[in-house]
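J.: Have a look at this one before I ask anything.
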Amino acid sequence: MGYLIPEVLLAGGALLALLAVAMLPNAKNLGSWIVLLAMLAAGVDAASMWGVTAKLIMSDTMAIDKYSILVTEFVLLAGASSLLLAWNADRFGAELPPLMAISVLGMMTLGTAANLMVVFVGIELLSLPLYILAASTRTRAGGEAALKYLLLGAFSSGILLFGMALLYGATSSLTFVVYPAITAANTWLLWSGLGLVLVGIAFKLAIVPFHMWVPDVYEGSPTPVTHLMAFGTKVGAAIILLRLLAFGFYGQDGSWGTLIGYLAVLTMIVGNLLAVPQLNLKRLLGYSGIGHAGFLLVGIATHSVDGANAMMFYLLPYGLAAMAVFGVLRLIEGQGDEVTLSDLRGMAYRRPWLAAVLIVGMLSFAGIPLTGGFVGKFFLLQAALFASQPGLAVGIVVGTLVGLFAYLRPLQMLFQRTEVSAKVQHLRWSVAGAVVLGVAVVGTIGIGVYPAPLVHIVSQSANFYWLTGG
Amino acid sequence: MISVQYVVALAVLLFMIGAIGVLVRKNPLIMFMSAEMMWNAAALAFIAFARNYHDMSGQVMAFLIIGTAAAEVGIGLAIIVAVYHRRHRLDIDEVSKLKG
Amino acid sequence: MQGLTEILLLPLFGAVTIGAFKSLAPKRYAGIWASVLLVASFVLAVLADVHLAELAAGHRVISGTLFNWATGFGPKIAWNIYLDPLSGIWLLVITGVGALIHIYSNGYMHDDPDRGRFFGYLNFFIFSMLLLVLAGNLLVLLIGWGLVGLASYLLIGFWYQRPSAVQAAKKAFVMNTIGDVAILIGLALLYFRFHTVTYAGLFSTFAHATPNTAYFEWTAVLLFIGAMAKSAQFPLNGWLVDAMEGPTPVSALIHAATMVTAGVYLMARLYPLLRLAPDVAYAIAAIGAFTAIYAASSAFFQQDIKKVLAYSTLSQLGYMFLALGVGAYTAGVFHFMTHAFFKACLFLAAGSVIHALGGEQDLNQMGGLYKKMPWTTASFLAATLAISGIPPFAGFYSKEAILGQVFNSGHGLLWIVGVITAGMTSFYMFRLFLLTFFGAPRNKKLYDHAHEAPAVMTVPVVILGILAVIGGFFGSWLNGWLAPVFRMYPGASHAALEAGPVFGTVITVGLAVLAFFIAYWLYVLKRTAAKAGISTWPGKWMLAAYGVDTGWRNVAILPIQVVGTWFRDRIDQGILAAVVGVANGIWLWAEDLRPVQSGYVRRYGLSIMVGLGVILAYCLTRV
């Protein structure tokens, strides 16, 4: 049973950190160190399993393959970067590191899920700590964010659960990897179950029209937590949606493919459009995250190996760009929780390096060549066109063009000469922040210039169709 | 023995009552309760199907739901109380500063 | 890969090292270093071609992969390198002529404080151009295509203190961007239809495709627009004449011998596509012929030594496209080769003249220089005879090959245009030659200071002059060399050199000789001034190249400016005014949507329920 060691390490780290912060309340960063080391250990152990032959474990409820390993690495990157962004900041509370660890554990669980039960456990494990973390600064906005997230989260989980119940009723099994083997019974039970489950996952992934919690919660939550939601939650929700649909409902693609395609186009356009007039940067990133969820859906909607590859690929450049942008935000906000566009004024002259990082991140979000975001969008476009779905391609192009306006506006502020905002003037570098920004910039440009290694890894991992019949 | 359809119909009814409750009630506590009702409707459906198929996994799922719901209630009540402390009113429509 | 990687990377290495060390090392080392690397590259290129020649005739291809750009998702895209006899010719010319021009530049740029930057750019250009011709697929070709445009932009604007140079660089960049976008779209069309961009993959599918479908015509048109922009074919020709603002070696290398022939290379490379798009092929021939005669007549009254040469480059490129359009691929490549020799020679010799006169380019200030600069005069004369098509100089053979084949293929009108252009070429070239080197010196002061260029400049000029004399004898060798390329895929059945009718040759040469005598009579015996006739109406029109540039201004640039000014006045934004206008539209739309995000949790829940209802309704219709 050595396959679950990364999960065990992380869970152990979380518990240890919880104990440590309770017993030694004065030890600075102790919990963070414990969780960070646990994450590193889990990452190394997961990486060492790369050569494993894919298999189902735990009575066919979990799948260990390169897909799950890559997901583990992605979400650990998300978790570690969120942790580093919260480094040295007592105001988030000492419980932040263990809670983040548990949330990341939920995302990892989703990566291995082969059974609806595990999907449910993963999603709840992911969400419950985030409800708490959203309110961890005890501000008014934080409380509002947490309450909104909690109520809507519980609501959507209810929908998800009921959908699972109906799927169970239709197939008599919770192990969705055996669904293709069960003769495709096109009953209303199956289809309404699938619809409900889709809604439940789409809520987590922030698909229009299930997206409305995102901007409010992003705006109200502390920045490191927002980053974890933006990067980690998106990875977790996207990969389970891909595995569930592209494998569990392999045969019925003609039906759900179109639906996902419509949702993708709607999400890409609405998300990017609403990002344009935003003045609060975290809110802007919330809408941008919605837009990117639409891009991710394109990969699923094409229902092809190309599409699955493209979606998996897209997650990393997206996450790295989020690291760059949230990292800069975290440095600017200092002791506050809010960064508006006018706080960026004059940064290009006063803090040229930091401004450069922000530019790289934003351009990658926008999909400008030589950044990872461009390569990711190119693969999605290619997948859409190869799948003979020009509508999706048009959606990508329109969404990208609209998004361009949203991302260029903050950059315009950077070059305002008239005055330098107070927050930029009092900005202080931190080592942890610099590490996050360094990784983000190197990764974003590296993937943009030479994507071949990542392409190689992704193309091995997105090949999860080995699960034929369990 | 009661046929499975009746139980599932009851579950659907419960689910819809819960969903409508979330949409129409203004007190966050009641909304939260309504959401829990949706969860329990699902649990009921799971048990019904599990009995029908003589399969244990549905039963296990029901227990998981109960356990998770308990955890969620713990967190949820804490958050609601925290918000109540600040406002001294429990009206969800007043919690709408973040928008646009 | 038989040294191909080294050939490609040596100039890049040069550009990088010069860029890194230019402020540390003494200035003259930059030029020497750049030249040494290029000579090494040339030697390797010769070796690679020798190796290519040793292969069996049907398999004369050396290909390899530098590295995989992206593998796994869909079709493989790699940095393919591909050498066949066609790219072999370009390889030799680029490195060979390029090396000579590098050596020459050591003398020409001797006094320029920014020599390091110059040689860095020059090496970078050579790298980009080699990438373009050695590309094994269209994507790598397009990258090289974009990079040569960038290098050209940098070098035209090399003297960035001059506003005119900056303006010219901008113009070249804009016009080339039109072409780049067209190629990109054409490439996308090919890629998404055939899922590959490699030559072999595309051409083998083309072999079975039905000709004359709209898809192929459009693709060919788009790729041809790219070729037109790069090779300055009418009406995208305006930038080439302005590009003469760059240093003269740059004009010789980029805007005469190599870069502007990239369009010729692309079209010759894509001959299987042209088979499928016969209408486009005819359009290429017609545009080529028109550009040839249009540019030749524009050269008649030019007052600037380099501008005459620029128009003659346009005109000769027109010949090459004429050849490609009628399917005379070998003749087109042949003319490219001889043109590279004699035009590089002409530009470098002109550069020596400009150098000797302290930067003067006006023909009205020259004259009688043959006494002072014998070597330059002799080389210039050889090249002039070559471009005028006087036997047995190089240009005669290649031009005859083109015209003969145009005649044989039954394009009578195009043939007549070509023949007349040949006569005109002879006239304006001898006008240039006689005004520069013969007659009385028109500016005594400049004349007295004139001197023959140093050996580092003269030797490359003389070598090129010799090549301009003997270049034509390579014809039959070239014919055999290129034959395997054009036999590989259907579409080039008439690629080999053909002899035209004898009367055609007689007429062409007769016209050229007649034109020489007219020029001699006008400019030596009657001593007509260079600026004679430019105030009459044909002269005015020809001097201004028939106002095509002004036409572009009026048709394309002015309306944009008017709209731009309008927006600027309205929204107080600069050049991005139009973009801002669209942005504002999007903004208003987004502002209208914002109230939906009301902040009320119950509304959010309602939104979820509505979405759920729609999805359930959709799903249940699938049962």
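Identifiers for the structure tokens are assigned positionally: chains receive A, B, ... in sequence, residues are indexed from 1 per chain, and ligands are indexed from 1 in the order shown.
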List as a list in words the protein and nucleic acid residues near segment 388-394 of chain A, meaning an atom at most 7 Å away when only C-alpha atoms are counted, but skip any in the same chain fewer than 5 places from it.
T.: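 The residues that qualify are Gly261, Val265, Val298 and Leu381 of chain A.
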J.: Only residues of chain A matter here; which ones have an atom within 6 Å of chain C, counting only C-alpha atoms? Give them as an MDAnalysis selection string.
T.: chainID A and resid 186:188 191:192 195 209:210 212 273:274 306 452 459
J.: Enumerate, in order of chain and increasing residue number, the residues of chain A with an atom no farther than 6 Å from chain B, each with its shortest atom pair and distance in Å to one decimal, counting only C-alpha atoms, as a Markdown table.
T.:
```
| residue | atom | partner | partner_atom | distance |
| --- | --- | --- | --- | --- |
| A:Gly143 | CA | B:Val83 | CA | 5.8 |
| A:Ala154 | CA | B:Ala35 | CA | 5.9 |
| A:Phe155 | CA | B:Ala35 | CA | 5.1 |
| A:Gly158 | CA | B:Trp39 | CA | 4.8 |
| A:Leu161 | CA | B:Ala42 | CA | 5.8 |
| A:Phe162 | CA | B:Ala42 | CA | 4.5 |
| A:Ala165 | CA | B:Phe46 | CA | 5.2 |
| A:Gly169 | CA | B:Phe49 | CA | 5.5 |
| A:Asp216 | CA | B:Leu98 | CA | 5.3 |
```
J.: I need the chosen residues saved as a compact mmCIF listing (two decimals), in the first residue's frame, with C-alpha atoms.
T.:
```txt
# COMPACT_ATOMS: atom_id res chain seq x y z
CA GLY A 143 -16.76 37.00 7.18
CA ALA A 154 -23.22 23.43 1.01
CA PHE A 155 -25.98 24.03 -1.50
CA GLY A 158 -26.15 18.90 -1.91
CA LEU A 161 -24.57 14.37 -3.72
CA PHE A 162 -28.04 13.95 -5.06
CA ALA A 165 -27.25 9.11 -5.66
CA GLY A 169 -29.33 4.26 -8.82
CA ASP A 216 -17.01 37.94 -3.88
```
J.: Rounded to one decimal place, report the atom CA of Trp375 of chain C-atom CA of Lys307 of chain C distance in Å.
T.: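 So the answer is 22.5 Å.
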J.: For the atom pair atom CA of Ile32 of chain C and atom CA of Pro247 of chain C, what is the interatomic distance in Å to one decimal place?
T.: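 Interatomic distance here is 18.0 Å.
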J.: Taking the DSSP assignment computed from this structure's backbone, write out as an MDAnalysis selection string all residues of segment 168-411 of chain A that belong to alpha helix (DSSP H).
T.: chainID A and resid 168:171 188:205 213:220 223:228 234:242 253:275 281:301 305:333 347:350 352:366 372:386 390:411
J.: Report, in Å to a single decimal, how far apart atom CA of Arg269 of chain C and atom CA of Gly3 of chain C are.
T.: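 Computing it gives 22.3 Å between the two atoms.
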J.: Within 9 Å of segment 2-4 of chain A, counting only C-alpha atoms, which residues qualify if same-chain residues fewer than 5 places away don't, as a count of residues only?
T.: 5
J.: Between B:Met16, B:Leu10, B:Ala70, B:Ile2, single out the one closest to chain C, counting only C-alpha atoms.
T.: B:Met16
J.: Which residues are close to segment 462-476 of chain C, i.e. within 7 Å by only C-alpha atoms, leaving aside same-chain residues fewer than 5 positions away? Reply as a PyMOL selection string.
T.: chain C and resi 334+338+341-342+345+379+382-383+386+393-395+397-398
J.: For the selection just defined, write its residues with C-alpha atoms to a file, as a PDB file, in the first residue's frame.
T.:
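The file below, result.pdb, is the result:
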```
ATOM      1  CA  PHE C 334      19.489  30.871 -61.898  1.00  0.00           C
ATOM      2  CA  THR C 338      23.531  35.719 -61.046  1.00  0.00           C
ATOM      3  CA  PHE C 341      26.593  38.342 -57.875  1.00  0.00           C
ATOM      4  CA  PHE C 342      26.117  41.381 -60.047  1.00  0.00           C
ATOM      5  CA  CYS C 345      28.913  43.933 -56.873  1.00  0.00           C
ATOM      6  CA  SER C 379      33.939  45.799 -61.554  1.00  0.00           C
ATOM      7  CA  ALA C 382      31.320  44.092 -65.575  1.00  0.00           C
ATOM      8  CA  ALA C 383      28.248  44.038 -63.365  1.00  0.00           C
ATOM      9  CA  ALA C 386      25.808  41.529 -66.718  1.00  0.00           C
ATOM     10  CA  PHE C 393      28.090  38.119 -69.024  1.00  0.00           C
ATOM     11  CA  ALA C 394      26.120  36.377 -66.295  1.00  0.00           C
ATOM     12  CA  GLY C 395      22.835  38.221 -66.593  1.00  0.00           C
ATOM     13  CA  TYR C 397      22.186  33.690 -69.676  1.00  0.00           C
ATOM     14  CA  SER C 398      19.748  33.838 -66.819  1.00  0.00           C
TER      15      SER C 398
END
```
